[in-house]
$ cat protein-v6.cif   # mmCIF, C-alpha atoms
data_model
loop_
_atom_site.group_PDB
_atom_site.id
_atom_site.type_symbol
_atom_site.label_atom_id
_atom_site.label_comp_id
_atom_site.auth_asym_id
_atom_site.auth_seq_id
_atom_site.Cartn_x
_atom_site.Cartn_y
_atom_site.Cartn_z
ATOM 1 C CA MET A 190 166.882 148.264 242.327
ATOM 2 C CA THR A 191 164.119 145.685 242.224
ATOM 3 C CA GLU A 192 160.720 147.087 243.148
ATOM 4 C CA LYS A 193 157.877 145.073 244.657
ATOM 5 C CA HIS A 194 154.467 146.325 243.587
ATOM 6 C CA LEU A 195 151.990 146.630 246.442
ATOM 7 C CA THR A 196 149.184 146.404 243.886
ATOM 8 C CA ALA A 197 148.704 146.453 240.130
ATOM 9 C CA LEU A 198 146.001 149.098 240.554
ATOM 10 C CA CYS A 199 146.783 152.692 239.629
ATOM 11 C CA ASN A 200 144.770 155.890 239.369
ATOM 12 C CA LEU A 201 146.860 157.290 236.500
ATOM 13 C CA HIS A 202 147.002 156.608 232.790
ATOM 14 C CA CYS A 203 150.606 157.291 231.752
ATOM 15 C CA ALA A 204 151.880 156.944 228.193
ATOM 16 C CA HIS A 205 155.171 155.371 229.348
ATOM 17 C CA CYS A 206 153.587 152.782 231.663
ATOM 18 C CA SER A 207 154.081 149.088 230.879
ATOM 19 C CA HIS A 208 150.973 148.122 232.859
ATOM 20 C CA LEU A 209 148.269 150.011 230.949
ATOM 21 C CA HIS A 210 146.655 146.717 230.027
ATOM 22 C CA LYS A 211 145.898 146.209 233.730
ATOM 23 C CA THR A 212 143.353 149.012 234.035
ATOM 24 C CA ARG A 213 140.339 146.692 234.229
ATOM 25 C CA PHE A 214 139.974 143.737 236.568
ATOM 26 C CA PRO A 215 137.254 141.147 237.159
ATOM 27 C CA PRO A 216 135.111 141.596 240.295
ATOM 28 C CA GLU A 217 136.869 138.752 242.091
ATOM 29 C CA TYR A 218 140.288 140.397 241.675
ATOM 30 C CA GLN A 219 142.110 141.061 244.949
ATOM 31 C CA PRO A 220 144.049 144.363 245.182
ATOM 32 C CA CYS A 221 147.267 142.608 246.095
ATOM 33 C CA SER A 222 148.243 139.048 245.224
ATOM 34 C CA MET A 223 151.130 138.611 247.649
ATOM 35 C CA ASN A 224 149.789 136.425 250.418
ATOM 36 C CA GLU A 225 151.108 136.334 253.984
ATOM 37 C CA THR A 226 153.298 133.267 253.433
ATOM 38 C CA THR A 227 154.971 134.717 250.327
ATOM 39 C CA LEU A 228 155.482 138.084 251.986
ATOM 40 C CA LYS A 229 157.114 136.476 255.028
ATOM 41 C CA GLN A 230 159.383 134.391 252.798
ATOM 42 C CA TYR A 231 160.396 137.380 250.705
ATOM 43 C CA ILE A 232 161.258 139.589 253.689
ATOM 44 C CA LEU A 233 163.033 136.850 255.648
ATOM 45 C CA GLN A 234 165.136 135.683 252.696
ATOM 46 C CA LYS A 235 166.112 139.224 251.746
ATOM 47 C CA ILE A 236 167.263 140.032 255.285
ATOM 48 C CA ASP A 237 169.091 136.696 255.588
ATOM 49 C CA THR A 238 170.952 137.074 252.290
ATOM 50 C CA TRP A 239 171.735 140.808 252.469
ATOM 51 C CA LYS A 240 175.478 141.245 252.938
ATOM 52 C CA THR A 241 175.501 144.522 254.880
ATOM 53 C CA ASP A 242 173.844 145.721 258.078
ATOM 54 C CA ASP A 243 171.643 148.117 256.085
ATOM 55 C CA VAL A 244 168.950 146.123 254.280
ATOM 56 C CA HIS A 245 167.200 148.021 251.479
ATOM 57 C CA PHE A 246 163.639 147.286 250.420
ATOM 58 C CA PHE A 247 162.088 148.990 247.397
ATOM 59 C CA TRP A 248 158.345 149.140 246.911
ATOM 60 C CA GLN A 249 156.023 150.710 244.349
ATOM 61 C CA ASP A 250 152.410 151.783 244.785
ATOM 62 C CA GLY A 251 150.231 153.323 242.107
ATOM 63 C CA LYS A 252 147.134 154.229 244.089
ATOM 64 C CA SER A 253 147.926 154.795 247.803
ATOM 65 C CA THR A 254 144.688 153.251 249.027
ATOM 66 C CA SER A 255 143.781 152.214 252.561
ATOM 67 C CA TYR A 256 144.509 148.635 251.472
ATOM 68 C CA SER A 257 148.046 149.634 250.428
ATOM 69 C CA LEU A 258 148.604 151.350 253.775
ATOM 70 C CA HIS A 259 147.437 148.230 255.606
ATOM 71 C CA PHE A 260 149.780 146.129 253.472
ATOM 72 C CA LEU A 261 152.735 148.397 254.307
ATOM 73 C CA LYS A 262 151.945 148.087 258.008
ATOM 74 C CA ARG A 263 152.122 144.298 257.590
ATOM 75 C CA ILE A 264 155.502 144.751 255.931
ATOM 76 C CA ILE A 265 156.834 146.858 258.803
ATOM 77 C CA ASN A 266 155.665 144.304 261.386
ATOM 78 C CA LEU A 267 157.380 141.460 259.528
ATOM 79 C CA GLN A 268 160.571 143.449 259.025
ATOM 80 C CA GLN A 269 160.763 144.216 262.739
ATOM 81 C CA ARG A 270 160.143 140.568 263.496
ATOM 82 C CA PHE A 271 162.908 139.280 261.209
ATOM 83 C CA ALA A 272 165.388 142.194 261.409
ATOM 84 C CA GLN A 273 168.073 140.236 263.323
ATOM 85 C CA GLY A 274 169.583 143.511 264.522
ATOM 86 C CA LYS A 275 169.986 144.876 260.987
ATOM 87 C CA ASN A 276 168.884 148.352 259.928
ATOM 88 C CA ILE A 277 165.874 148.207 257.601
ATOM 89 C CA ILE A 278 165.556 150.947 254.955
ATOM 90 C CA ASN A 279 162.338 151.240 252.952
ATOM 91 C CA THR A 280 161.943 153.238 249.744
ATOM 92 C CA LEU A 281 158.508 153.695 248.202
ATOM 93 C CA LEU A 282 157.894 154.878 244.628
ATOM 94 C CA ILE A 283 154.549 156.663 244.279
ATOM 95 C CA ASN A 284 152.864 158.884 241.711
ATOM 96 C CA GLY A 285 152.210 161.546 244.346
ATOM 97 C CA THR A 286 148.513 162.053 243.651
ATOM 98 C CA THR A 287 146.578 160.453 246.524
ATOM 99 C CA LEU A 288 148.439 161.170 249.752
ATOM 100 C CA ASN A 289 146.897 162.366 253.001
ATOM 101 C CA ASP A 290 148.009 163.014 256.589
ATOM 102 C CA ASP A 291 147.605 159.362 257.589
ATOM 103 C CA TRP A 292 150.012 158.268 254.870
ATOM 104 C CA CYS A 293 152.526 160.978 255.743
ATOM 105 C CA GLU A 294 152.406 160.193 259.454
ATOM 106 C CA PHE A 295 153.097 156.539 258.610
ATOM 107 C CA PHE A 296 156.045 157.515 256.369
ATOM 108 C CA LYS A 297 157.516 159.738 259.064
ATOM 109 C CA LYS A 298 157.064 157.236 261.871
ATOM 110 C CA ASN A 299 158.749 154.446 259.894
ATOM 111 C CA ASP A 300 161.451 156.546 258.170
ATOM 112 C CA PHE A 301 160.324 155.825 254.613
ATOM 113 C CA LEU A 302 162.249 157.426 251.772
ATOM 114 C CA ILE A 303 159.679 158.553 249.206
ATOM 115 C CA CYS A 304 160.340 158.691 245.465
ATOM 116 C CA ILE A 305 157.764 160.607 243.401
ATOM 117 C CA SER A 306 157.338 159.906 239.704
ATOM 118 C CA VAL A 307 157.028 163.271 237.949
ATOM 119 C CA ASP A 308 158.002 164.125 234.384
ATOM 120 C CA GLY A 309 158.189 167.903 234.702
ATOM 121 C CA ASP A 310 155.853 170.872 234.825
ATOM 122 C CA SER A 311 152.293 170.923 233.496
ATOM 123 C CA GLN A 312 153.351 171.227 229.852
ATOM 124 C CA SER A 313 155.300 167.961 229.864
ATOM 125 C CA CYS A 314 153.792 166.002 232.761
ATOM 126 C CA ASP A 315 150.136 166.509 231.893
ATOM 127 C CA THR A 316 150.816 165.516 228.293
ATOM 128 C CA PHE A 317 151.945 162.037 229.325
ATOM 129 C CA SER A 318 150.050 161.495 232.596
ATOM 130 C CA ILE A 319 146.415 162.002 233.507
ATOM 131 C CA THR A 320 144.211 160.458 236.166
ATOM 132 C CA MET A 321 141.827 157.691 235.191
ATOM 133 C CA SER A 322 139.079 160.336 235.421
ATOM 134 C CA GLU A 323 141.083 162.390 232.872
ATOM 135 C CA ARG A 324 142.175 165.085 235.336
ATOM 136 C CA THR A 325 145.639 166.579 234.925
ATOM 137 C CA VAL A 326 148.123 165.661 237.639
ATOM 138 C CA THR A 327 150.637 168.502 238.072
ATOM 139 C CA ASN A 328 148.629 170.550 240.594
ATOM 140 C CA ILE A 329 147.760 167.380 242.502
ATOM 141 C CA ILE A 330 151.433 166.382 242.731
ATOM 142 C CA GLU A 331 152.439 169.855 243.909
ATOM 143 C CA THR A 332 149.764 169.753 246.634
ATOM 144 C CA ASN A 333 150.994 166.383 247.863
ATOM 145 C CA VAL A 334 154.624 167.502 247.783
ATOM 146 C CA ARG A 335 153.660 170.341 250.132
ATOM 147 C CA LEU A 336 151.999 167.735 252.344
ATOM 148 C CA LEU A 337 155.241 165.736 252.488
ATOM 149 C CA GLN A 338 157.148 168.912 253.339
ATOM 150 C CA LYS A 339 154.642 169.732 256.058
ATOM 151 C CA HIS A 340 155.549 166.421 257.708
ATOM 152 C CA ASN A 341 159.312 166.917 257.071
ATOM 153 C CA ILE A 342 159.533 163.836 254.869
ATOM 154 C CA THR A 343 162.505 163.431 252.543
ATOM 155 C CA PHE A 344 161.574 162.668 248.948
ATOM 156 C CA ASN A 345 163.326 162.087 245.635
ATOM 157 C CA THR A 346 162.043 162.383 242.078
ATOM 158 C CA LEU A 347 161.954 159.898 239.205
ATOM 159 C CA THR A 348 161.588 161.428 235.738
ATOM 160 C CA PHE A 349 161.073 159.679 232.422
ATOM 161 C CA ILE A 350 162.776 161.640 229.640
ATOM 162 C CA ASN A 351 160.286 161.761 226.794
ATOM 163 C CA ASN A 352 159.838 163.602 223.516
ATOM 164 C CA ILE A 353 158.245 166.559 225.331
ATOM 165 C CA ASN A 354 160.435 167.290 228.356
ATOM 166 C CA SER A 355 163.605 166.388 226.413
ATOM 167 C CA GLN A 356 163.094 169.583 224.422
ATOM 168 C CA GLN A 357 163.085 171.656 227.624
ATOM 169 C CA PRO A 358 165.849 170.249 229.837
ATOM 170 C CA LEU A 359 166.448 173.332 231.981
ATOM 171 C CA GLN A 360 162.733 173.989 232.403
ATOM 172 C CA THR A 361 162.309 170.397 233.574
ATOM 173 C CA TYR A 362 165.351 170.561 235.864
ATOM 174 C CA ASN A 363 164.344 173.860 237.442
ATOM 175 C CA TYR A 364 160.813 172.620 237.998
ATOM 176 C CA LEU A 365 162.097 169.520 239.815
ATOM 177 C CA LYS A 366 164.322 171.767 241.933
ATOM 178 C CA SER A 367 161.327 173.957 242.765
ATOM 179 C CA LEU A 368 159.507 170.917 244.170
ATOM 180 C CA GLY A 369 162.250 170.609 246.786
ATOM 181 C CA GLY A 370 163.679 167.178 245.997
ATOM 182 C CA ARG A 371 167.453 166.838 246.195
ATOM 183 C CA HIS A 372 167.911 163.502 244.420
ATOM 184 C CA MET A 373 166.845 163.212 240.779
ATOM 185 C CA LEU A 374 166.792 160.014 238.781
ATOM 186 C CA PHE A 375 166.396 160.451 235.012
ATOM 187 C CA ILE A 376 165.352 157.497 232.843
ATOM 188 C CA PRO A 377 165.021 157.706 229.042
ATOM 189 C CA PHE A 378 161.685 156.495 227.743
ATOM 190 C CA ILE A 379 162.005 153.633 225.295
ATOM 191 C CA LYS A 380 159.170 151.367 224.213
ATOM 192 C CA PRO A 381 159.934 148.345 222.021
ATOM 193 C CA SER A 382 157.508 147.914 219.168
ATOM 194 C CA GLU A 383 155.630 144.704 218.450
ATOM 195 C CA GLN A 384 157.796 144.389 215.369
ATOM 196 C CA ASP A 385 161.561 145.017 215.357
ATOM 197 C CA GLY A 386 162.809 148.360 216.676
ATOM 198 C CA VAL A 387 161.004 150.800 218.960
ATOM 199 C CA ASP A 388 157.637 152.491 219.096
ATOM 200 C CA THR A 389 157.412 155.987 217.602
ATOM 201 C CA SER A 390 156.661 157.380 221.076
ATOM 202 C CA SER A 391 160.178 156.463 222.253
ATOM 203 C CA LEU A 392 162.733 159.172 222.932
ATOM 204 C CA ASP A 393 164.864 160.035 219.899
ATOM 205 C CA PRO A 394 168.322 158.375 220.206
ATOM 206 C CA ALA A 395 170.181 161.699 219.998
ATOM 207 C CA ALA A 396 167.853 163.638 222.319
ATOM 208 C CA LEU A 397 169.089 161.974 225.499
ATOM 209 C CA GLY A 398 172.626 163.327 225.060
ATOM 210 C CA THR A 399 171.425 166.897 224.504
ATOM 211 C CA PHE A 400 169.120 166.683 227.529
ATOM 212 C CA LEU A 401 171.862 165.359 229.837
ATOM 213 C CA LYS A 402 174.555 167.778 228.658
ATOM 214 C CA THR A 403 172.302 170.810 229.038
ATOM 215 C CA ILE A 404 171.396 169.933 232.618
ATOM 216 C CA PHE A 405 174.958 168.871 233.439
ATOM 217 C CA TYR A 406 176.463 172.257 232.598
ATOM 218 C CA THR A 407 174.011 173.965 234.974
ATOM 219 C CA TRP A 408 174.308 171.308 237.653
ATOM 220 C CA ILE A 409 178.100 171.397 237.791
ATOM 221 C CA ARG A 410 178.152 175.209 238.090
ATOM 222 C CA LEU A 411 175.354 175.657 240.589
ATOM 223 C CA ASP A 412 174.214 172.443 242.237
ATOM 224 C CA ILE A 413 176.967 169.839 242.494
ATOM 225 C CA GLY A 414 177.051 168.564 246.055
ATOM 226 C CA THR A 415 173.495 169.705 246.832
ATOM 227 C CA ILE A 416 171.506 168.054 244.034
ATOM 228 C CA HIS A 417 172.295 164.370 243.498
ATOM 229 C CA ILE A 418 171.872 162.981 239.971
ATOM 230 C CA PRO A 419 173.105 159.366 239.759
ATOM 231 C CA ILE A 420 174.119 159.329 236.075
ATOM 232 C CA PHE A 421 176.364 162.372 236.620
ATOM 233 C CA GLU A 422 177.882 161.051 239.834
ATOM 234 C CA HIS A 423 178.423 157.593 238.311
ATOM 235 C CA ALA A 424 180.232 159.241 235.399
ATOM 236 C CA PHE A 425 182.591 161.079 237.761
ATOM 237 C CA ALA A 426 183.233 157.877 239.726
ATOM 238 C CA SER A 427 183.998 155.913 236.548
ATOM 239 C CA TRP A 428 186.472 158.512 235.309
ATOM 240 C CA ARG A 429 188.224 158.283 238.698
ATOM 241 C CA GLY A 430 188.348 154.491 238.506
ATOM 242 C CA LEU A 431 185.903 153.943 241.371
ATOM 243 C CA SER A 432 183.367 151.138 241.572
ATOM 244 C CA VAL A 433 179.923 152.016 240.177
ATOM 245 C CA PRO A 434 176.690 150.082 239.529
ATOM 246 C CA ALA A 435 176.600 148.100 236.300
ATOM 247 C CA CYS A 436 173.624 150.163 235.125
ATOM 248 C CA VAL A 437 172.979 153.792 236.060
ATOM 249 C CA TYR A 438 169.272 153.178 235.526
ATOM 250 C CA ALA A 439 169.153 150.203 237.891
ATOM 251 C CA ALA A 440 166.503 151.934 239.976
ATOM 252 C CA CYS A 441 163.947 151.593 237.215
ATOM 253 C CA GLU A 442 164.231 147.826 236.824
ATOM 254 C CA ASP A 443 160.834 146.338 237.506
ATOM 255 C CA SER A 444 160.167 142.936 239.010
ATOM 256 C CA ASN A 445 157.397 141.837 236.699
ATOM 257 C CA GLN A 446 156.461 138.930 238.932
ATOM 258 C CA LEU A 447 155.189 140.178 242.266
ATOM 259 C CA THR A 448 155.733 136.886 244.044
ATOM 260 C CA LYS A 449 159.378 136.259 243.196
ATOM 261 C CA THR A 450 161.448 135.191 246.184
ATOM 262 C CA THR A 451 164.833 136.665 246.952
ATOM 263 C CA MET A 452 166.540 133.484 245.741
ATOM 264 C CA GLN A 453 164.721 133.676 242.423
ATOM 265 C CA GLU A 454 165.636 137.361 242.144
ATOM 266 C CA GLY A 455 169.292 136.415 242.547
ATOM 267 C CA MET A 456 169.013 133.931 239.686
ATOM 268 C CA ALA A 457 167.284 136.549 237.540
ATOM 269 C CA LYS A 458 170.015 139.081 238.278
ATOM 270 C CA GLN A 459 172.652 136.507 237.352
ATOM 271 C CA ARG A 460 170.983 136.029 233.946
ATOM 272 C CA VAL A 461 170.928 139.816 233.469
ATOM 273 C CA GLU A 462 174.632 140.014 234.327
ATOM 274 C CA GLN A 463 175.384 137.320 231.750
ATOM 275 C CA PHE A 464 173.430 139.293 229.173
ATOM 276 C CA LYS A 465 175.272 142.484 230.075
ATOM 277 C CA THR A 466 178.623 140.890 229.231
ATOM 278 C CA THR A 467 177.475 140.383 225.630
ATOM 279 C CA LEU A 468 178.558 143.659 224.061
ATOM 280 C CA ALA A 469 178.556 144.638 220.432
ATOM 281 C CA GLU A 470 181.937 144.579 218.704
ATOM 282 C CA GLU A 471 181.802 148.381 218.425
ATOM 283 C CA CYS A 472 181.642 148.643 222.229
ATOM 284 C CA THR A 473 184.957 146.835 222.741
ATOM 285 C CA HIS A 474 186.735 149.587 220.794
ATOM 286 C CA CYS A 475 184.729 152.544 222.159
ATOM 287 C CA LYS A 476 186.627 155.160 224.166
ATOM 288 C CA VAL A 477 183.764 155.577 226.666
ATOM 289 C CA GLN A 478 183.029 151.866 227.127
ATOM 290 C CA PHE A 479 184.656 151.890 230.583
ATOM 291 C CA VAL A 480 181.981 154.295 231.841
ATOM 292 C CA CYS A 481 179.083 153.319 229.582
ATOM 293 C CA ARG A 482 179.590 149.513 229.776
ATOM 294 C CA GLY A 483 177.217 149.155 226.888
ATOM 295 C CA GLY A 484 174.501 151.123 228.646
ATOM 296 C CA CYS A 485 171.447 149.631 230.301
ATOM 297 C CA ALA A 486 170.834 146.062 229.114
ATOM 298 C CA ARG A 487 167.179 146.761 228.316
ATOM 299 C CA GLU A 488 168.282 149.418 225.789
ATOM 300 C CA ARG A 489 170.474 147.072 223.719
ATOM 301 C CA ILE A 490 168.106 146.675 220.830
ATOM 302 C CA ALA A 491 169.828 148.567 217.999
ATOM 303 C CA LEU A 492 171.573 146.604 215.260
ATOM 304 C CA SER A 493 175.348 146.422 215.495
ATOM 305 C CA GLU A 494 177.637 146.340 212.472
ATOM 306 C CA GLY A 495 177.329 142.574 212.667
ATOM 307 C CA GLY A 496 173.569 142.808 212.234
ATOM 308 C CA VAL A 497 172.794 141.658 215.790
ATOM 309 C CA SER A 498 170.581 143.554 218.264
ATOM 310 C CA GLN A 499 173.410 144.235 220.709
ATOM 311 C CA LEU A 500 174.075 147.951 220.313
ATOM 312 C CA ASN A 501 172.535 150.408 222.729
ATOM 313 C CA TYR A 502 169.638 152.418 221.302
ATOM 314 C CA PHE A 503 171.091 155.587 222.912
ATOM 315 C CA CYS A 504 174.692 154.887 221.874
ATOM 316 C CA GLU A 505 175.205 158.230 220.109
ATOM 317 C CA SER A 506 173.851 160.077 223.142
ATOM 318 C CA TYR A 507 176.155 158.248 225.533
ATOM 319 C CA GLN A 508 179.139 159.023 223.344
ATOM 320 C CA ALA A 509 178.118 162.674 223.117
ATOM 321 C CA PHE A 510 177.567 163.004 226.859
ATOM 322 C CA TRP A 511 180.560 161.079 228.182
#
$ encode --input "protein-v6.cif" --output "structure tokens"
Amino acid sequence: MTEKHLTALCNLHCAHCSHLHKTRFPPEYQPCSMNETTLKQYILQKIDTWKTDDVHFFWQDGKSTSYSLHFLKRIINLQQRFAQGKNIINTLLINGTTLNDDWCEFFKKNDFLICISVDGDSQSCDTFSITMSERTVTNIIETNVRLLQKHNITFNTLTFINNINSQQPLQTYNYLKSLGGRHMLFIPFIKPSEQDGVDTSSLDPAALGTFLKTIFYTWIRLDIGTIHIPIFEHAFASWRGLSVPACVYAACEDSNQLTKTTMQEGMAKQRVEQFKTTLAEECTHCKVQFVCRGGCARERIALSEGGVSQLNYFCESYQAFW
């Protein structure tokens, strides 16, 4: 999934965010740099080139301001104008801290699927995420989740697995269930260092496997069919020989350039696919390669036996889980 950022502004300060350097802007900065011409081109090209009748758009907003709401209304108007009879599906990733009734009424009216970024209960979430005014976020997220439920709006959750919540997998899982979401996307937190390797804040390579296995054993006994967790469902599909996405964490891929056109995105994806075919020698002999496929391309930074950064950082976890 490629997300388009409505704005680089955000009211949170999260340890796993790749945009922390964008917390201060000059006075002349405009909240969103996608002009009308670029927005029209992006929407029209995506609808024209989409191969099915359901066209999926993915957006991300870090502040939920009145400007962002106005921008989304522009998006809806353009989508309706260029729809060509196709069904438009919008997903919006938010941090769940600044919603109100106006936002929720807009979501409901336009059938938005909402994805809330939340890393667990107060012990894990508030350790990694605080507001720019240094307020903790858990209670704020819970209040806004109740607001979404009040308006009968479907929402999913996106959770970064970090060194805190990875030690409490069932506590994290049960908390996400208590929020009411029925689709959970888990993404391991990995931060490349300025030198070779990863930053010390990155998730331990072995911790991912323990986290996934612990939740899986509960999920398969109690929640399979009612709670959807892509990495588990992709694993089942792979073992049955069904077609699955090349990367189970595709939903976290960020379009770093806000103004990319759909054609340029296609070229970028083609380069990623070429990179994904370059597997370490160990992968070609691995018994779980058919389901792992080398893991997410952005995680292939560990040294292989050949001394090349081709091996997945979480290789031992993938082998343990699958």
$ resolve_selection --input "protein-v6.cif" --expression "the PyMOL selection byres ((chain A and resi 350-354) around 7)" --output "compact mmCIF listing (two decimals) with C-alpha atoms, in the coordinates of the input"
# COMPACT_ATOMS: atom_id res chain seq x y z
CA GLY A 309 158.19 167.90 234.70
CA SER A 313 155.30 167.96 229.86
CA THR A 348 161.59 161.43 235.74
CA PHE A 349 161.07 159.68 232.42
CA SER A 355 163.60 166.39 226.41
CA GLN A 356 163.09 169.58 224.42
CA GLN A 357 163.08 171.66 227.62
CA PRO A 358 165.85 170.25 229.84
CA THR A 361 162.31 170.40 233.57
CA PHE A 375 166.40 160.45 235.01
CA ILE A 376 165.35 157.50 232.84
CA PRO A 377 165.02 157.71 229.04
CA PHE A 378 161.68 156.50 227.74
CA SER A 391 160.18 156.46 222.25
CA LEU A 392 162.73 159.17 222.93
$ atom_distance --input "protein-v6.cif" --atom1 "CA of Lys240 in chain A" --atom2 "CA of Asn276 in chain A"
12.0 Å
$ atom_distance --input "protein-v6.cif" --atom1 "CA of Gly484 in chain A" --atom2 "CA of Ala395 in chain A"
14.3 Å
$ resolve_selection --input "protein-v6.cif" --expression "the PyMOL selection byres ((chain A and resi 277-294) around 8)" --output "PyMOL selection string"
chain A and resi 243-254+258+268+272+275-276+295-298+300-307+326+329-330+333-334+336-337+340+342
$ write_last_selection --input "protein-v6.cif" --atoms "C-alpha atoms" --output "PDB file, keeping the file's coordinate frame"
ATOM      1  CA  ASP A 243     171.643 148.117 256.085  1.00  0.00           C
ATOM      2  CA  VAL A 244     168.950 146.123 254.280  1.00  0.00           C
ATOM      3  CA  HIS A 245     167.200 148.021 251.479  1.00  0.00           C
ATOM      4  CA  PHE A 246     163.639 147.286 250.420  1.00  0.00           C
ATOM      5  CA  PHE A 247     162.088 148.990 247.397  1.00  0.00           C
ATOM      6  CA  TRP A 248     158.345 149.140 246.911  1.00  0.00           C
ATOM      7  CA  GLN A 249     156.023 150.710 244.349  1.00  0.00           C
ATOM      8  CA  ASP A 250     152.410 151.783 244.785  1.00  0.00           C
ATOM      9  CA  GLY A 251     150.231 153.323 242.107  1.00  0.00           C
ATOM     10  CA  LYS A 252     147.134 154.229 244.089  1.00  0.00           C
ATOM     11  CA  SER A 253     147.926 154.795 247.803  1.00  0.00           C
ATOM     12  CA  THR A 254     144.688 153.251 249.027  1.00  0.00           C
ATOM     13  CA  LEU A 258     148.604 151.350 253.775  1.00  0.00           C
ATOM     14  CA  GLN A 268     160.571 143.449 259.025  1.00  0.00           C
ATOM     15  CA  ALA A 272     165.388 142.194 261.409  1.00  0.00           C
ATOM     16  CA  LYS A 275     169.986 144.876 260.987  1.00  0.00           C
ATOM     17  CA  ASN A 276     168.884 148.352 259.928  1.00  0.00           C
ATOM     18  CA  PHE A 295     153.097 156.539 258.610  1.00  0.00           C
ATOM     19  CA  PHE A 296     156.045 157.515 256.369  1.00  0.00           C
ATOM     20  CA  LYS A 297     157.516 159.738 259.064  1.00  0.00           C
ATOM     21  CA  LYS A 298     157.064 157.236 261.871  1.00  0.00           C
ATOM     22  CA  ASP A 300     161.451 156.546 258.170  1.00  0.00           C
ATOM     23  CA  PHE A 301     160.324 155.825 254.613  1.00  0.00           C
ATOM     24  CA  LEU A 302     162.249 157.426 251.772  1.00  0.00           C
ATOM     25  CA  ILE A 303     159.679 158.553 249.206  1.00  0.00           C
ATOM     26  CA  CYS A 304     160.340 158.691 245.465  1.00  0.00           C
ATOM     27  CA  ILE A 305     157.764 160.607 243.401  1.00  0.00           C
ATOM     28  CA  SER A 306     157.338 159.906 239.704  1.00  0.00           C
ATOM     29  CA  VAL A 307     157.028 163.271 237.949  1.00  0.00           C
ATOM     30  CA  VAL A 326     148.123 165.661 237.639  1.00  0.00           C
ATOM     31  CA  ILE A 329     147.760 167.380 242.502  1.00  0.00           C
ATOM     32  CA  ILE A 330     151.433 166.382 242.731  1.00  0.00           C
ATOM     33  CA  ASN A 333     150.994 166.383 247.863  1.00  0.00           C
ATOM     34  CA  VAL A 334     154.624 167.502 247.783  1.00  0.00           C
ATOM     35  CA  LEU A 336     151.999 167.735 252.344  1.00  0.00           C
ATOM     36  CA  LEU A 337     155.241 165.736 252.488  1.00  0.00           C
ATOM     37  CA  HIS A 340     155.549 166.421 257.708  1.00  0.00           C
ATOM     38  CA  ILE A 342     159.533 163.836 254.869  1.00  0.00           C
TER      39      ILE A 342
END
$ residues_around --input "protein-v6.cif" --residues "Ile418 in chain A" --least-positions-apart "3" --cutoff "8 Å" --atoms "all atoms listed in the file" --output "PyMOL selection string"
chain A and resi 372-375+421-422
$ resolve_selection --input "protein-v6.cif" --expression "the PyMOL selection byres ((chain A and resi 396-404) around 7)" --output "PDB file with C-alpha atoms, in the coordinates of the input"
ATOM      1  CA  SER A 355     163.605 166.388 226.413  1.00  0.00           C
ATOM      2  CA  PRO A 358     165.849 170.249 229.837  1.00  0.00           C
ATOM      3  CA  LEU A 359     166.448 173.332 231.981  1.00  0.00           C
ATOM      4  CA  TYR A 362     165.351 170.561 235.864  1.00  0.00           C
ATOM      5  CA  PRO A 377     165.021 157.706 229.042  1.00  0.00           C
ATOM      6  CA  LEU A 392     162.733 159.172 222.932  1.00  0.00           C
ATOM      7  CA  ASP A 393     164.864 160.035 219.899  1.00  0.00           C
ATOM      8  CA  PRO A 394     168.322 158.375 220.206  1.00  0.00           C
ATOM      9  CA  ALA A 395     170.181 161.699 219.998  1.00  0.00           C
ATOM     10  CA  PHE A 405     174.958 168.871 233.439  1.00  0.00           C
ATOM     11  CA  TYR A 406     176.463 172.257 232.598  1.00  0.00           C
ATOM     12  CA  THR A 407     174.011 173.965 234.974  1.00  0.00           C
ATOM     13  CA  TRP A 408     174.308 171.308 237.653  1.00  0.00           C
ATOM     14  CA  SER A 506     173.851 160.077 223.142  1.00  0.00           C
ATOM     15  CA  TYR A 507     176.155 158.248 225.533  1.00  0.00           C
ATOM     16  CA  ALA A 509     178.118 162.674 223.117  1.00  0.00           C
ATOM     17  CA  PHE A 510     177.567 163.004 226.859  1.00  0.00           C
TER      18      PHE A 510
END
$ closest_residue --input "protein-v6.cif" --among "A:Ala469, A:Lys366, A:Tyr231, A:Thr389" --to "His417 in chain A" --atoms "all atoms listed in the file"
A:Lys366
$ residues_around --input "protein-v6.cif" --residues "range 496-498 of chain A" --least-positions-apart "6" --cutoff "10 Å" --atoms "all atoms listed in the file" --output "JSON, numbers by chain"
{"A": [385, 386, 468, 469, 488, 489, 490]}
$ atom_distance --input "protein-v6.cif" --atom1 "CA of Gln360 in chain A" --atom2 "CA of Phe344 in chain A"
20.1 Å
$ closest_residue --input "protein-v6.cif" --among "A:Asp388, A:Ile264, A:Leu492, A:Ser257" --to "Gln230 in chain A" --atoms "all atoms listed in the file"
A:Ile264
$ axis_aligned_box --input "protein-v6.cif" --around "range 403-409 of chain A" --padding-each-side "5 Å" --output "AutoDock Vina command-line options"
--center_x 174.7 --center_y 171.4 --center_z 233.4 --size_x 16.7 --size_y 15.1 --size_z 18.8
